[in-house]
Every structure is written in structure tokens, then in C-alpha cells.
Amino acid sequence: MRSQHLNHAVLVSLLWCAAVFVFVGMNFMKFESASRDLRDSRIETALTELQRALQTEMDKGTILPGIEKAEDRLFHYAAENDDVLSVMVFDTKTGKILFSTVAAQIGVNVPDLWREKCAAPGTVFVETQEDKETVGLPVLNSFLETEGCLAAEYKTEINKVVREKMISTSFHFAVRLAVIGVAAAFLICFYPTWSFFIFGTKKIRSIVAAVVFSGILLLMLQMNFSTMFRKFEQDLRMQTAAKTQTIARQVKNLIELAVHSGMPFKSVSGLEAYLDQIRQKNKEILFILVTDKTGRVLYESGAAAKAFDADPRTGKISLRDGFYNAAEPVSDDESAVGWVQIGVNERFVREKIF
Amino acid sequence: MKKFFSWFFFLLIFPFFSAQAQAPAKVYMVLWDGCEEACRGFLDYLKSVHYDVEIIQRNLNKKTDKIPDLTAEVKELSPDLLVTWGTLATLKMLGTQDNGPVSKYGAVPALFMVVSQPVESGLVSSLVSQGRNITGVMHLVPLSEQLQYARQIMPFKRLGIIYNPAETNAQIAVDQLKRYASMMNFELLDRPVPLDKKGNPKAEEIAAQVAELAENKTDLIYLGPDAFMNANRRTLIDTAAAFSIPVFSASEGAVRHDNALFAFVHRYYTVGQMAGRKAMKILKDKIQAYDIPIEAPPRALLVVNMSAAQKTGVYPPLALIQNADLINIPEKK
């Protein structure tokens, strides 16, 4: 009888451990893929903005090597992105680097493979090396022909750090959940749980015991799963924060372009429609607010109220757990006129899973 | 001995053949008002591809009286390519399609640039496979696209146009606007400029016509591809500004130099460069002009005069300004 109980306990434990490792592994993959997506989309967002600026200069009638302040734009881009090693623009016909944030690269030829990969319009080329990754976008002239290529070299260190953190989280929680399951299996198989209770008949005590212990077990599992997801989300925060900041900067740059061109900050035409477009493209974004410098909301897209808690006594507003907020100041030529605030629902991967 | 004579004969004629092969291609250009941006774009492109060409430039100085002389000169010189600038110069030099598919210049292919409506003006029957030994580059963005952009900048209900009824291009634009008015659900207020006894439009009537459009609650005025109205655009734009009516234009000159609010255009320089590409297809690749489609550059540019925007209070939406050329930026007070 005892060995039969042992067999049952071991079998249930093995099945439980397998299920836990599969479940945690699948979640690890989801979060890891979300981490890569966030990074890729951040890089693409920032590079596309730069590509668009170069193309607009060409539409105005300038040839690619003659674009004024092209290097300033590249330096600005590199300064805004911590993981950038260098940014360059090369001629796709000759392969010669025309502009670069690394002076020694100017005039040097890029590998032929880069030229080939960047030649097709509408493509993003990615070249992965040991500790860096190069991402390139074709720069098209007014005839929609690829005239050059905008390429940026990135450190892949952040990816590795995030991945390692997630592996550690996965391992930690897989073991924790496995231990809980195994302990429960052995407890149920070897210990008469109904004996905890001293009321009613044995049948009633057994039912009560089954309900109470199942409840406790489910509660423990739920708490652990929830903590695991929260930990994954915290591991992902580095990527979420970097991408949100990039988008906030993109919105701020465009508003500043409008304001510097004479548009009044308080009546920027089509701003909310533009913010809606950004939110639709980036599902993790819960809201985008543009406020004046006192914090009064001038433009809004999405439901910001969901992300904030107000203290009924002091009236102080704070961000709820599970939400991330990025802010960028907007200035006119001389001083700050307002803020761009972007709120991200950090549970976006979890919500996708369930 | 026989071999020696063959070699001697070859060496004798070789320089002749080699000189023939190296003779630069002859390009004859008929320009309406000197070598402006499109012409520069064309020449810069030929220079950038290092193709050996001899350019013969003839300037009409905005008059057509030299056309018979130039026609005779083209026939005499028989260039490898005839290039024309503008609708009027092109029509005068090449005639309309009613003159038949064969050009009066025999085998000389022709390439036009800055012609707004090559089909509607009768130059060719269609933009592709049209039979005449002509190709070219249009400079106007299709009117439907211009109107769609205008709608994004200002959702108008009444669109006004003052035009010279004696001009083909202007009349074509008005006819197109009438078609789009019902499709795009706006009211068109079209006002032809009255003509004098000689059939010339009276420029002094323009201000009164703008006032009448303002009285009829016009939201926006369109300055079409109309040489007369473009010559008098300052009157139109200034009077419209007095009534706080923004003006949008088919060409960028009115925005760049005369405070029209915006234009959705192809830069003349780009048009010239594209003409240069087509010229190379004819001269270098030996493709027949009628096999090269007549087209406009594929990507257009929105040009916005921000001082005019400030005066009228009509600003382009944020999504458009990121790809736009914002000019005349007002100084901060």
C-alpha cells in the first residue's frame, strides 16, 4: 500500500515537473521574443525617422553626398541611443561611406554583402557579428531608387543581459513551482489530510480537506505564477523603457519641428490623430499625453486614467504597479513648453498569452 | 603583300571610324525662359553619368516668334535628341497628335519636360504606347492627389478658382475640378477672368473676382496651371489674404515667392533629372522615344509657406509636416 502511494506520488511529481518546465519554458520564449521585438522595433523606429529626414532632403533636390548637416543628424541619433556603436550612410553603387559618426570610417568601403543586402527598396538588412549587429535601411531618391544605405552598428550586450536575466528567472520559478507541486503530491499521497479536521463524518472531512487544500495549492500556484510574470516583466523593462523613450523622443522631435516652424504649441494640427497612429502601431503603449509645462493635458490618446492611482487624502497621483511611464520635454527655441508622456502597460506579453 | 595592303587600308580608315564612334551626341534644347531649375537638373544628370554630349541651347525668352527659325535649325542640324521645356514651346515645336505620328523632324526623337497635361493638351494620345516619337516628364502632381492633400490640410466645402479661359491648361484643370467636385463632395466656384476685345484676360478684374469669391464664402482658392494667373498671382494671393482665404497652388513658385499657403509638387530640378534619365535611354541604350513611358517623378513633395499658415491660421497636420519642405518660417516675436 505504501509503495503504491510512493509510485503515485513519484508519477504525479514527474508529470507536474514536466508540465511546469514546459509552461515556464514557453513563457520564457514568449518574453524573450517580446524582448527581441521591442529592440528591433525601437531600432527600426529610430532609423526610419532618420531615413525619412534624409529622403526629404533629397526630395528637396539635394543629392545624397550633398545633404547639409547629415553628420549632425547621425551624431544626434548616436547620442540618443546608448547601444549604438556607429551610424553611417554609404553609397550603394560604390560602397563608399559618405557620412559616419566615426571619422576614420569616412571614405572607407563597406563589405560588398552590405551593398547587396541594402539595395532592395523597402527592406531592412541585419548583419549579425559576434558582439555587434548592423541594421541598415535603404535611402531612396525621388525616383524611388536606392541611392544609399543608412546603417547603424549596435552592441548586442543588452540582448544578452536581458536573456540571461530571463533564463535565471525561468530556472528559479521552474524549481520553485516544481517543489510546491512535488510537496503537495507527497502530502496528499502519504498524509490523510482529512485528519486536520475534527468535525462531521469522515466523508465530510475528506471533502472539506480536498477543497481547502486545493484552494491553498491553487492560491500558492497563482501567487507564484503572478510573481514569475512580474519578474519577467521587470527583466523586460530595459527594452520596454528604451523603446518607449525612443518613441517619446520621436513625438517630441516632430512637435518641436512644428513649433520651431511657427505652429503654436497649444494648437498643433493633427497631433491627436498622429498619436493614435503611434499607439495602434505599438500595442504595448497604453496612452500618450502631451501636456503643457504645468502638467495640464493638451493632447491625449488612449486611456491614461487606468495607469494612475490618486491618494484620496493627499490627492497625490502615482503610477500603478505594472505600468511604465516615459517623459520627454518639449521646447521651443528658448525654453521648455511642455512634456510628452508615454504610458506602457508592462503586462502586454502576459495579456497576449492569456 | 596582299596582307600588308589590308593592314594599311585598315589603319587608314581606323581613325575615321574611331572619330565617328567618339563624336558627342547632339542635344538641341528649346527653353522657354532660359536655363532654370529643370534645365539644370537635366544638364547635371548628363554630367553625372559622364556621357559625351554637345548641348545646343536656344532660348525663346517667353515668346513664340522664334519658333519657325528654330524648327528650320533642328531640321538642318538633325540632332540626336530634341528637348523642349514647357507646354507652349513643346506644342509649337512638336505640334499636336493631329499632325500625325511622324514628326516634322524625321527620325529626331523628342523629349519634353515641364508639360502639365500632355494628353489633354493634344500632344500625345496617351502616356504609354502613343505612337509619336516623343517621350517626356510631367511636372504636375495629379489633381486628385493635390485635392486629397488639400483636404487633409483644410477640410474645405467651397473651392474657388479664377482662371484664364483662353488657356488650354487652365481650362483642362477647371474641367477636371468639376468632375472631382461631385466625387469629393465640394462645391466648385469657377470664375473665368473676363476677356477684352482682343481676347486677352483683364488682370484688373482679379481682385474684384476674389472679393466675390469671399462673399460666396469660399474656403480655399486653387491657383491652377495657368500662365496668366501665375503672372498675376500676387494680386490673387494678396487679395485672398485680405479676406483670410488661403490659396493653394499647382506649382511651388507661388508658395516659395508669393505667400500661397501650400503646393504639392514635383521639384523642377527632379523633373529635369528624370528627363536626363530618359535622354540616356534614347542616346545610350538606343530605345525609341515612343517606347519610353511619359511620366512624372514617383514621389512628390509638400511645400508649405509657414508665414502664410500663421496669417491664415491654417496649419498642415503633424503627419504631413515630417516629409514636407517648410519654408518662410516666421521669426519669433
# chains A, B, ... in the order shown; residues from 1 in each chain; ligands from 1
>>> residues_around(residues="Ala319 of chain B", least_positions_apart="5", cutoff="9 Å", atoms="only C-alpha atoms", output="MDAnalysis selection string")
chainID A and resid 254 270:271 273:274
>>> closest_atom_pairs(of="chain B", to="chain A", cutoff="8 Å", atoms="only C-alpha atoms", output="Markdown table")
| residue | atom | partner | partner_atom | distance |
| --- | --- | --- | --- | --- |
| B:Arg267 | CA | A:Lys60 | CA | 6.9 |
| B:Tyr269 | CA | A:Gly61 | CA | 6.2 |
| B:Thr270 | CA | A:Gly61 | CA | 6.3 |
| B:Met274 | CA | A:Phe143 | CA | 7.8 |
| B:Pro297 | CA | A:Phe143 | CA | 5.8 |
| B:Pro298 | CA | A:Phe143 | CA | 5.6 |
| B:Arg299 | CA | A:Ser142 | CA | 5.4 |
| B:Ala300 | CA | A:Asp59 | CA | 7.5 |
| B:Leu301 | CA | A:Asp59 | CA | 6.5 |
| B:Met306 | CA | A:Gly262 | CA | 6.5 |
| B:Ser307 | CA | A:Gly262 | CA | 7.7 |
| B:Gln310 | CA | A:Gly262 | CA | 7.0 |
| B:Tyr315 | CA | A:Ser269 | CA | 6.2 |
| B:Pro316 | CA | A:Ser269 | CA | 6.3 |
| B:Pro317 | CA | A:Gly270 | CA | 4.4 |
| B:Leu318 | CA | A:Gly270 | CA | 5.4 |
| B:Ala319 | CA | A:Tyr274 | CA | 6.0 |
| B:Ile321 | CA | A:Ala258 | CA | 7.4 |
| B:Gln322 | CA | A:Leu254 | CA | 6.8 |
| B:Asn323 | CA | A:Thr56 | CA | 5.6 |
| B:Ala324 | CA | A:Thr56 | CA | 7.0 |
| B:Asp325 | CA | A:Lys60 | CA | 7.1 |
| B:Leu326 | CA | A:Ser261 | CA | 7.2 |
| B:Ile329 | CA | A:Ser261 | CA | 5.4 |
| B:Pro330 | CA | A:Gly262 | CA | 6.0 |
| B:Glu331 | CA | A:Gly262 | CA | 7.9 |
| B:Lys332 | CA | A:Gly262 | CA | 7.8 |
>>> atom_distance(atom1="atom CA of Ile285 of chain A", atom2="atom CA of Thr244 of chain A")
8.1 Å
>>> select_by_dssp(residues="segment 107-183 of chain B", states="strand (DSSP E or B)", output="list in words")
Ala110, Leu111, Phe112, Met113, Val114, Val115, Ile134, Thr135, Gly136, Val137, Met138, Arg158, Leu159, Gly160, Ile161, Ile162 and Tyr163 of chain B
>>> select_by_dssp(residues="segment 109-324 of chain A", states="helix (DSSP H, G or I)", output="PyMOL selection string")
chain A and resi 112-118+157-190+193-196+202-260+265-267+271-281+305-307
>>> residues_around(residues="Asn345 of chain A", least_positions_apart="4", cutoff="10 Å", atoms="only C-alpha atoms", output="list of chain:residue names")
A:Thr240, A:Lys283, A:Glu284, A:Ile285, A:Leu286, A:Phe287, A:Lys306, A:Ala307, A:Arg320, A:Asp321, A:Gly322, A:Phe323, A:Tyr324, A:Asn325, A:Val349, A:Glu351
>>> atom_distance(atom1="atom CA of Met113 of chain B", atom2="atom CA of Gly136 of chain B")
5.6 Å
>>> residues_around(residues="segment 79-85 of chain B", least_positions_apart="4", cutoff="7 Å", atoms="only C-alpha atoms", output="list in words")
Ala25, Lys26, Val27, Tyr28, Met29, Val30, Leu31, Trp32, Val74, Ala89, Thr90, Val108, Pro109, Ala110, Leu111, Phe112, Met113 and Val114 of chain B
>>> residues_around(residues="Val340 of chain A", least_positions_apart="5", cutoff="6 Å", atoms="only C-alpha atoms", output="MDAnalysis selection string")
chainID A and resid 289:290 327:328
>>> write_last_selection(atoms="C-alpha atoms", output="tab-separated table (two decimals), in the first residue's frame")
chain	number	residue	atom	x	y	z
A	289	LEU	CA	-0.15	62.56	-23.40
A	290	VAL	CA	1.19	65.92	-24.42
A	327	ALA	CA	8.65	61.54	-20.42
A	328	GLU	CA	10.47	63.89	-22.79
>>> atom_distance(atom1="atom CA of Tyr299 of chain A", atom2="atom CA of Asp311 of chain A")
24.4 Å
>>> decode(residues="segment 57-74 of chain B", atoms="N, CA and C atoms", output="compact mmCIF listing (two decimals), in the first residue's frame")
# COMPACT_ATOMS: atom_id res chain seq x y z
N GLN B 57 21.72 75.11 -76.85
CA GLN B 57 20.59 75.70 -76.13
C GLN B 57 20.01 76.88 -76.90
N ARG B 58 18.71 76.90 -77.05
CA ARG B 58 18.04 78.04 -77.67
C ARG B 58 16.95 78.54 -76.72
N ASN B 59 16.96 79.86 -76.48
CA ASN B 59 16.03 80.43 -75.51
C ASN B 59 14.93 81.22 -76.23
N LEU B 60 13.68 80.92 -75.90
CA LEU B 60 12.57 81.63 -76.56
C LEU B 60 12.24 82.95 -75.87
N ASN B 61 12.80 83.17 -74.70
CA ASN B 61 12.51 84.39 -73.93
C ASN B 61 11.00 84.64 -73.77
N LYS B 62 10.27 83.59 -73.50
CA LYS B 62 8.81 83.62 -73.27
C LYS B 62 8.02 84.09 -74.50
N LYS B 63 8.60 84.00 -75.68
CA LYS B 63 7.87 84.40 -76.90
C LYS B 63 7.96 83.27 -77.92
N THR B 64 6.95 83.19 -78.78
CA THR B 64 6.95 82.08 -79.74
C THR B 64 7.41 82.50 -81.14
N ASP B 65 7.80 83.78 -81.29
CA ASP B 65 8.14 84.24 -82.64
C ASP B 65 9.39 83.58 -83.25
N LYS B 66 10.24 83.02 -82.40
CA LYS B 66 11.46 82.38 -82.93
C LYS B 66 11.21 80.94 -83.39
N ILE B 67 10.03 80.43 -83.12
CA ILE B 67 9.77 79.01 -83.39
C ILE B 67 10.08 78.60 -84.84
N PRO B 68 9.63 79.35 -85.86
CA PRO B 68 9.93 78.91 -87.24
C PRO B 68 11.44 78.78 -87.50
N ASP B 69 12.22 79.72 -86.95
CA ASP B 69 13.69 79.66 -87.15
C ASP B 69 14.27 78.42 -86.48
N LEU B 70 13.78 78.16 -85.26
CA LEU B 70 14.30 77.00 -84.52
C LEU B 70 13.91 75.70 -85.21
N THR B 71 12.68 75.66 -85.73
CA THR B 71 12.23 74.47 -86.46
C THR B 71 13.16 74.20 -87.64
N ALA B 72 13.47 75.27 -88.37
CA ALA B 72 14.37 75.12 -89.53
C ALA B 72 15.75 74.65 -89.08
N GLU B 73 16.20 75.20 -87.95
CA GLU B 73 17.54 74.84 -87.47
C GLU B 73 17.61 73.37 -87.04
N VAL B 74 16.53 72.90 -86.40
CA VAL B 74 16.51 71.49 -85.98
C VAL B 74 16.57 70.60 -87.21
